[in-house]
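Enquirer: Just passing along the structure, written as structure tokens.
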Amino acid sequence: MFEKVLIANRGEVALRIHRACREMGIKTVAVHSEADANAMHVRLADEAVCIGPARSTESYLNKSAIISAAIITGADAIHPGYGFLSENADFAEMVEEHGITFIGPKPEQIRMMGDKLKAREAAIASGLPVIPGSPALPDVDAAKKWAKEIGYPIIIKAKAGGGGKGMKVAFSEDEIETAYTMARAEAKASFTSDEVYMEKYLQKPRHIEIQVLADTFGNVVHLGERDCSIQRKNQKVIEETPSPALNQQQREEIGEIARKAMEQIGYSSAGTLEFLFEDGKFYFLEMNTRLQVEHPITEALTGIDIVREQLRIAAGAKLGYEQKDISFQGHAIECRINAEDPETFAPNPGKITEWHAPGGLGVRVDAEIYSGYKIPPFYDSMIAKLIVSAKTRNGALMRLHRALEEFVIDGVKTTIPLHQKIISQPDYIDGIYNIHWLEHLLDKQK
Ligand code: MV4
């Protein structure tokens, strides 16, 4: 096992990784920007290195500063967390070139999944169901030809995309030219490539993802699904598992399909396969090769520490269990709590004057906040994750009401009132929602 791991991240995920390392007897190195000198992950780590100014391009995205910090402190592995450099194949490669282990999949796998068209091809080859779609579209005429073939409505996506950027929908041929031109321009502005492709547009899907774990010996297990349909502007707000939309047969089928596909691809580490689910059918969307924000709800059902497994796999250990050894117990829901105005969603950084996290049976709070902590204005506004679990969905919902009520965060506005509103809606209570549900709810209340 590693002796010392450098955590190339900040916020709750830095603390999350530190906790897994501590329990495994691994020493930790925190890296931080000048703005994060007082952060909890910096205080708890065995060592800390300042890697640059507040702006993340000069600190948390500064590859050579991070690798230098690892060399200076003698860290034998780097965990990238989520966001920042976590899905940067060049960084993973650079880390390995310096004789340091990158805690994640091989750079080639990160690179392949980062190219949405290549990921789609790999998905098809490994038996995953995909949405009817096109190859790369060189011009508007090709776009029109493929749209006729696929049938309207269609969606044009960036090959190097993800996260919803550069996506344009067209409902008929007269909308194609604008959609194509705009998608291409957005892709050029945001990504390394301006190539685009097309898929049939699904109008009311749910977003369901499958968590997998794979070791470097070809052993793969899936850890079930997460329903992440409650989102706003491509940012997830609440996630739950199991999905209220699936029956046991659908759940086992998609889990097994995902597991076999990962075997076929030769994937290793933790990963997540994203699907759209509509009218009883799954369609592969993309794969995330990193630890995800919402991983704790899966941990709540399976009892498996996903970060610990990432560390073990990266150190060359075998999974040591099979699919049949994994059991799923109860129901879990996660709320992402942001320092934002709950109505306008304007970021609201500042000093936390009072902090009291809820507790009790089935309640987990992942955050790195303390009373008196000053949230810096330079980063993502997520300040805490509240994860509740219980034997049933209703039990988890009741517990979530209780825990949200108990939460005290003073000094900044937070999205706690938004969560209270969402979980009081009859449709949410009944589990009836799709990826547009929250945005519709917010529109209605304007
Ligand atoms: C789609 C889609 C409908 N049909 N593809 C958005 C983020 C990117 N990862 C893929 N996305 C979508 N792709 C087809 N063919 C709808 C979305 C989408 C979405 C997907 C998942 C979660 C939230 C979403 C919000 C808006 C659109």
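Order determines the names: the first chain of the structure tokens is A, the second B, and so forth; residues in each chain are numbered 1 upward, and ligands are numbered 1 upward as they are shown.
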Excluding A:His41 and its own-chain neighbours fewer than 5 positions away, which residues fall within 7 Å of it when counting only C-alpha atoms? Please give them as a PyMOL selection string.

Expert: chain A and resi 14-15+30

Enquirer: Name each residue within 7 Å of ligand 1, counting only C-alpha atoms and all ligand atoms, as a count of residues only.

Expert: 20

Enquirer: One number please: atom CA of A:Tyr60 to atom CA of A:Phe84, in Å, one decimal.

Expert: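 The value is 6.4 Å.
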
Enquirer: Between A:Tyr152, A:Phe345, A:Phe102, A:Phe275, single out the one closest to A:Ile176, counting only C-alpha atoms.

Expert: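 Selected residue with least distance to A:Ile176: A:Tyr152.
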
Enquirer: May I ask for the distance between atom CA of A:Ala20 and atom CA of A:Ile103, given in Å to one decimal place?

Expert: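 Separating atom CA of A:Ala20 from atom CA of A:Ile103 is a distance of 13.0 Å.
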
Enquirer: Can you work out which one of A:Glu256, A:Glu340, A:Asp443, A:Glu225 has the shortest atom-to-atom distance to A:Leu301, counting only C-alpha atoms?

Expert: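 Selected residue with least distance to A:Leu301: A:Glu225.
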
Enquirer: So that I can check the secondary structure, give me every residue of stretch 73-235 of chain A assigned alpha helix (DSSP H) by backbone DSSP, as an MDAnalysis selection string.

Expert: chainID A and resid 73 89:97 107:114 116:125 140:150 176:190

Enquirer: Determine, counting only C-alpha atoms, which protein, DNA and RNA residues have an atom within 9 Å of an atom of stretch 315-322 of chain A; residues of the same chain fewer than 2 positions away are not included. Present the result as a PyMOL selection string.

Expert: chain A and resi 1-2+77+101+103+213-217+219-221+309-313+324-326

Enquirer: Which one of A:Ile257, A:Ile369, A:Ile238, A:Leu117 sits closest to A:Val196 if you count only C-alpha atoms?

Expert: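 Smallest separation from A:Val196 among the options: A:Leu117.
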
Enquirer: Point out the residue among A:Asn88, A:Thr178, A:Asn9, A:Gln292 with the least atom-to-atom distance to A:Cys228, counting only C-alpha atoms.

Expert: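 Using only C-alpha atoms, A:Cys228 sits closest to A:Gln292.
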
Enquirer: Fewer than 6 positions away in the same chain doesn't count, so skip those; otherwise give me all residues within 12 Å of stretch 24-29 of chain A, counting only C-alpha atoms, as number ranges by chain.

Expert: A: 1-10, 14-18, 41-51, 66-67, 69-79, 305, 307-309, 311-312, 315

Enquirer: Rank nothing, just name the residue among A:Asp227, A:Glu278, A:Glu240, A:Glu343 nearest to A:Ala300, using only C-alpha atoms.

Expert: A:Glu240
